[in-house]
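For reference, protein.txt (compact mmCIF, C-alpha atoms):
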```txt
# COMPACT_ATOMS: atom_id res chain seq x y z
CA MET A 9 0.00 0.00 0.00
CA GLU A 10 1.20 3.46 -0.84
CA SER A 11 1.05 6.03 1.96
CA LYS A 12 0.09 8.66 -0.62
CA ILE A 13 -2.90 8.01 -2.81
CA LYS A 14 -4.14 10.11 -5.71
CA GLY A 15 -7.38 9.47 -7.52
CA LYS A 16 -10.62 10.70 -9.01
CA THR A 17 -13.54 11.02 -6.61
CA TRP A 18 -16.89 9.34 -6.50
CA VAL A 19 -19.08 11.24 -4.03
CA PHE A 20 -21.86 9.65 -2.00
CA GLY A 21 -23.93 10.98 0.89
CA ASP A 22 -24.64 9.95 4.46
CA ASP A 23 -25.64 6.51 5.70
CA VAL A 24 -24.37 4.48 2.74
CA ASP A 25 -24.99 1.02 4.12
CA THR A 26 -23.41 -2.28 3.25
CA ASP A 27 -26.60 -3.41 1.48
CA VAL A 28 -26.12 -0.77 -1.21
CA ILE A 29 -22.36 -1.27 -1.37
CA ILE A 30 -22.88 -4.96 -2.21
CA PRO A 31 -26.48 -6.19 -2.27
CA GLY A 32 -27.21 -9.38 -0.35
CA LYS A 33 -28.12 -11.41 -3.43
CA TYR A 34 -24.41 -11.49 -4.38
CA LEU A 35 -23.11 -12.79 -1.06
CA ARG A 36 -23.32 -16.48 -1.89
CA THR A 37 -20.13 -16.38 -3.94
CA THR A 38 -16.46 -16.11 -3.14
CA ASP A 39 -15.71 -14.76 -6.63
CA MET A 40 -14.22 -11.31 -6.08
CA GLN A 41 -15.05 -10.35 -9.67
CA VAL A 42 -18.76 -10.77 -8.91
CA PHE A 43 -18.37 -8.38 -5.98
CA ALA A 44 -16.49 -5.89 -8.19
CA ASP A 45 -19.10 -6.16 -10.95
CA HIS A 46 -21.94 -5.27 -8.58
CA VAL A 47 -20.31 -2.84 -6.14
CA MET A 48 -22.47 0.18 -5.26
CA GLU A 49 -25.24 -1.27 -7.43
CA GLY A 50 -27.81 -0.42 -4.79
CA ILE A 51 -27.05 3.30 -5.02
CA ASP A 52 -25.45 3.78 -8.48
CA PRO A 53 -26.10 0.93 -10.94
CA ASP A 54 -23.40 2.24 -13.34
CA PHE A 55 -20.65 2.66 -10.74
CA SER A 56 -18.97 -0.69 -11.40
CA LYS A 57 -18.83 0.03 -15.14
CA ASN A 58 -17.31 3.48 -14.67
CA VAL A 59 -15.01 3.21 -11.65
CA ARG A 60 -11.33 2.97 -12.53
CA LYS A 61 -8.38 1.53 -10.66
CA GLY A 62 -7.12 4.15 -8.23
CA ASP A 63 -10.40 6.04 -7.86
CA VAL A 64 -11.41 7.29 -4.40
CA VAL A 65 -14.86 6.98 -2.83
CA VAL A 66 -15.94 9.92 -0.67
CA GLY A 67 -18.84 9.40 1.68
CA GLY A 68 -20.58 11.47 4.29
CA SER A 69 -21.42 10.38 7.80
CA ASN A 70 -21.83 6.73 8.76
CA PHE A 71 -20.38 5.21 5.58
CA GLY A 72 -20.61 1.41 5.71
CA CYS A 73 -23.33 1.22 8.33
CA GLY A 74 -25.62 -1.78 8.40
CA SER A 75 -24.69 -5.42 8.37
CA SER A 76 -21.26 -6.76 9.20
CA ARG A 77 -20.57 -8.12 5.73
CA GLU A 78 -16.87 -8.06 4.95
CA GLN A 79 -17.80 -8.36 1.30
CA ALA A 80 -18.67 -4.63 1.19
CA ALA A 81 -15.04 -3.64 1.74
CA LEU A 82 -13.85 -6.44 -0.56
CA ALA A 83 -16.18 -5.28 -3.34
CA LEU A 84 -14.75 -1.76 -3.23
CA LYS A 85 -11.18 -3.04 -3.12
CA TYR A 86 -11.59 -5.46 -6.03
CA ALA A 87 -13.39 -2.80 -8.09
CA GLY A 88 -10.12 -0.84 -7.92
CA VAL A 89 -11.04 1.76 -5.30
CA SER A 90 -7.76 2.92 -3.76
CA CYS A 91 -9.20 4.64 -0.69
CA VAL A 92 -12.48 5.54 1.01
CA ILE A 93 -12.83 8.89 2.77
CA ALA A 94 -15.82 9.67 4.97
CA LYS A 95 -16.76 11.96 7.84
CA PHE A 96 -17.03 8.79 9.89
CA PHE A 97 -17.54 5.10 9.22
CA GLY A 98 -19.74 2.37 10.56
CA ARG A 99 -17.31 0.74 12.99
CA ILE A 100 -17.62 -2.78 11.60
CA PHE A 101 -17.04 -1.55 8.04
CA PHE A 102 -14.04 0.46 9.27
CA ARG A 103 -12.39 -2.60 10.76
CA ASN A 104 -13.37 -4.85 7.84
CA ALA A 105 -11.70 -2.39 5.45
CA ILE A 106 -8.49 -2.49 7.48
CA ASN A 107 -8.66 -6.29 7.66
CA VAL A 108 -8.95 -6.68 3.87
CA GLY A 109 -6.36 -4.00 3.12
CA LEU A 110 -8.66 -1.22 1.86
CA PRO A 111 -7.20 2.16 2.91
CA LEU A 112 -9.62 4.60 4.50
CA MET A 113 -9.58 7.91 6.31
CA GLU A 114 -12.04 9.78 8.43
CA ALA A 115 -12.06 13.37 7.18
CA ASP A 116 -14.71 16.00 6.50
CA ILE A 117 -13.77 17.22 3.04
CA GLU A 118 -15.39 19.34 0.35
CA CYS A 119 -15.20 18.01 -3.19
CA ASN A 120 -17.25 17.37 -6.28
CA GLU A 121 -17.61 14.15 -8.18
CA GLY A 122 -14.66 13.76 -10.51
CA ASP A 123 -12.27 15.99 -8.56
CA THR A 124 -8.78 14.65 -8.06
CA VAL A 125 -7.83 14.15 -4.43
CA GLU A 126 -4.51 13.41 -2.84
CA VAL A 127 -4.56 11.43 0.39
CA ASP A 128 -1.60 11.10 2.76
CA LEU A 129 -2.50 8.34 5.20
CA TYR A 130 0.54 8.89 7.42
CA GLU A 131 -0.03 12.62 7.81
CA GLY A 132 -3.83 12.39 7.86
CA LEU A 133 -4.21 14.91 5.06
CA VAL A 134 -6.48 15.19 2.04
CA ILE A 135 -5.81 17.78 -0.67
CA VAL A 136 -8.61 18.80 -3.03
CA ASN A 137 -8.05 21.54 -5.61
CA GLY A 138 -5.20 22.96 -3.55
CA LYS A 139 -7.22 23.05 -0.32
CA VAL A 140 -5.87 20.93 2.55
CA PHE A 141 -8.22 19.05 4.88
CA LYS A 142 -7.02 17.42 8.09
CA GLY A 143 -8.33 13.95 8.73
CA ASN A 144 -7.73 11.36 11.41
CA THR A 145 -4.50 9.46 11.21
CA LEU A 146 -4.69 5.76 11.86
CA PRO A 147 -2.73 4.25 14.75
CA ASP A 148 0.60 2.73 13.69
CA PHE A 149 -0.60 -0.84 14.18
CA LEU A 150 -3.50 -0.29 11.74
CA LEU A 151 -1.19 1.37 9.22
CA GLU A 152 1.08 -1.68 9.47
CA ILE A 153 -1.85 -3.98 8.70
CA LEU A 154 -2.78 -1.84 5.67
CA THR A 155 0.85 -1.68 4.51
CA ASP A 156 1.05 -5.47 4.59
CA GLY A 157 -2.15 -5.75 2.52
CA GLY A 158 -4.63 -6.69 5.24
CA LEU A 159 -4.80 -8.73 8.40
CA VAL A 160 -4.04 -12.15 6.90
CA GLU A 161 -0.97 -10.85 5.06
CA HIS A 162 0.10 -8.95 8.17
CA ARG A 163 -0.02 -12.14 10.26
CA LYS A 164 2.03 -13.95 7.60
CA ALA A 165 4.61 -11.15 7.69
CA LEU A 166 4.83 -11.38 11.48
CA GLN A 167 5.28 -15.13 11.32
CA LYS A 168 8.15 -14.75 8.83
CA LYS A 169 9.82 -12.24 11.15
CA ASP A 170 9.58 -14.70 14.05
CA GLN A 171 11.30 -17.51 12.12
```
Would you write the structure of this file as C-alpha cells?
Amino acid sequence: MESKIKGKTWVFGDDVDTDVIIPGKYLRTTDMQVFADHVMEGIDPDFSKNVRKGDVVVGGSNFGCGSSREQAALALKYAGVSCVIAKFFGRIFFRNAINVGLPLMEADIECNEGDTVEVDLYEGLVIVNGKVFKGNTLPDFLLEILTDGGLVEHRKALQKKDQ
C-alpha cells in the first residue's frame, strides 16, 4: 500500500450502508469479480462500469453502516477503489476495510464528483483543488496492517519475522 494516494472522486452521501455497497443477493459467492461487478449497485447501478483503478470513494457520515458483511469492503477493493474517505464510518465496516487492506480515512472534506484528491495516510491529510483538509491518522498498528495488505498478510509477515 502506498502512503500517498491520488485518484478521481466518487461522491456519496450519508448513511451508505453495506446493502447498497454490495447487495445481499451477491453474497453467496467467493468470486471477487462478482463483488467488483456489482459494487455500489444499490445506489449507483453504473458505478462498477465506470469506476477505474485508483479512484477514491468519498462518503458522508456513517459510511458502511448496516450489516457486518466483509464483502462490502472487498467489493470496493476489487473494483479498484484505492481509498475511502468519509466523515465517519460504521465501525464494523471500518475494521473490515483495514482487515482486507482497503485504505480509509475519516475526514470532512469538500469536493465534487470527478475531482482529483490526494490522500496522505501517514499525515492524515487530504488535498482537493489545492485546499488541505485534516483527517484522522490511523494508529501505527493499523497502518502496518494496511501496509502489509490486510490482516491475513500482516499475520504472515509477522510469522516470517519470528522464524
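CA of Gly50 (chain A) is positioned 29.4 Å from CA of Leu150 (chain A).
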Contacts of Thr124 (chain A) at 9 Å (all atoms listed in the file; same-chain gap of 4+ positions) as JSON, numbers by chain: {"A": [14, 15, 16, 17, 63, 64, 119, 135, 136, 137]}
Nearest-residue call for Ile100 (chain A), choices A:Glu152, A:Glu78, A:Asp116, A:Asp128, using all atoms listed in the file: A:Glu78
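In this model, the gap between CA of Ile13 (chain A) and CA of Val92 (chain A) comes to 10.6 Å.
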Atom pair CA of Ala94 (chain A) / CA of Gly72 (chain A): separation (Å): 9.6 Å
Selection: 7 Å around region 82-85 of chain A, all atoms listed in the file, excl. self and same-chain fewer than 6 positions, as a VMD selection string: chain A and resid 30 40 43 to 44 47 108 110
Write a file of the selected residues as a CSV table (one decimal), in the frame of the given file, keeping C-alpha atoms.
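File produced: selection_15.csv:
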```csv
chain,number,residue,atom,x,y,z
A,30,ILE,CA,-22.9,-5.0,-2.2
A,40,MET,CA,-14.2,-11.3,-6.1
A,43,PHE,CA,-18.4,-8.4,-6.0
A,44,ALA,CA,-16.5,-5.9,-8.2
A,47,VAL,CA,-20.3,-2.8,-6.1
A,108,VAL,CA,-9.0,-6.7,3.9
A,110,LEU,CA,-8.7,-1.2,1.9
```
Selection: 8 Å around Met113 (chain A), only C-alpha atoms, excl. self and same-chain fewer than 4 positions, as a PyMOL selection string: chain A and resi 91-94+129+132+143-146
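Of the residues listed (A:Asn107, A:Thr38, A:Thr26, A:Ser56), A:Asn107 shows the shortest atom-to-atom separation from Arg163 (chain A); distances use all atoms listed in the file.
Using all atoms listed in the file for every distance, the candidate list A:Gly32, A:Pro53, A:Tyr86, A:Ser11 yields A:Ser11 as the residue closest to Leu151 (chain A).
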Among the residues A:Asn120, A:Ser90, A:Asp148, A:Leu112, the one that comes closest to Leu133 (chain A) [using all atoms listed in the file]: A:Leu112
Using all atoms listed in the file, determine which residues lie at most 12 Å from Cys73 (chain A), disregarding the query and same-chain residues fewer than 4 positions distant; provide the list as a compact mmCIF listing (two decimals) with C-alpha atoms, in the coordinates of the input.
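What follows is the written file part_39.txt:
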```
# COMPACT_ATOMS: atom_id res chain seq x y z
CA ASP A 22 -24.64 9.95 4.46
CA ASP A 23 -25.64 6.51 5.70
CA VAL A 24 -24.37 4.48 2.74
CA ASP A 25 -24.99 1.02 4.12
CA THR A 26 -23.41 -2.28 3.25
CA ASP A 27 -26.60 -3.41 1.48
CA VAL A 28 -26.12 -0.77 -1.21
CA ILE A 29 -22.36 -1.27 -1.37
CA GLY A 67 -18.84 9.40 1.68
CA GLY A 68 -20.58 11.47 4.29
CA SER A 69 -21.42 10.38 7.80
CA ARG A 77 -20.57 -8.12 5.73
CA GLU A 78 -16.87 -8.06 4.95
CA ALA A 80 -18.67 -4.63 1.19
CA ALA A 81 -15.04 -3.64 1.74
CA ALA A 94 -15.82 9.67 4.97
CA PHE A 96 -17.03 8.79 9.89
CA PHE A 97 -17.54 5.10 9.22
CA GLY A 98 -19.74 2.37 10.56
CA ARG A 99 -17.31 0.74 12.99
CA ILE A 100 -17.62 -2.78 11.60
CA PHE A 101 -17.04 -1.55 8.04
CA PHE A 102 -14.04 0.46 9.27
CA ARG A 103 -12.39 -2.60 10.76
CA ASN A 104 -13.37 -4.85 7.84
```
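Shortest atom-to-atom contact with Ser76 (chain A) among A:Val127, A:Ala105, A:Ala115, A:Ile153: A:Ala105, counting only C-alpha atoms.
Closest approach to Leu159 (chain A) among A:Asp123, A:Gly109, A:Thr37, A:Pro31 is made by A:Gly109 (distances from all atoms listed in the file).
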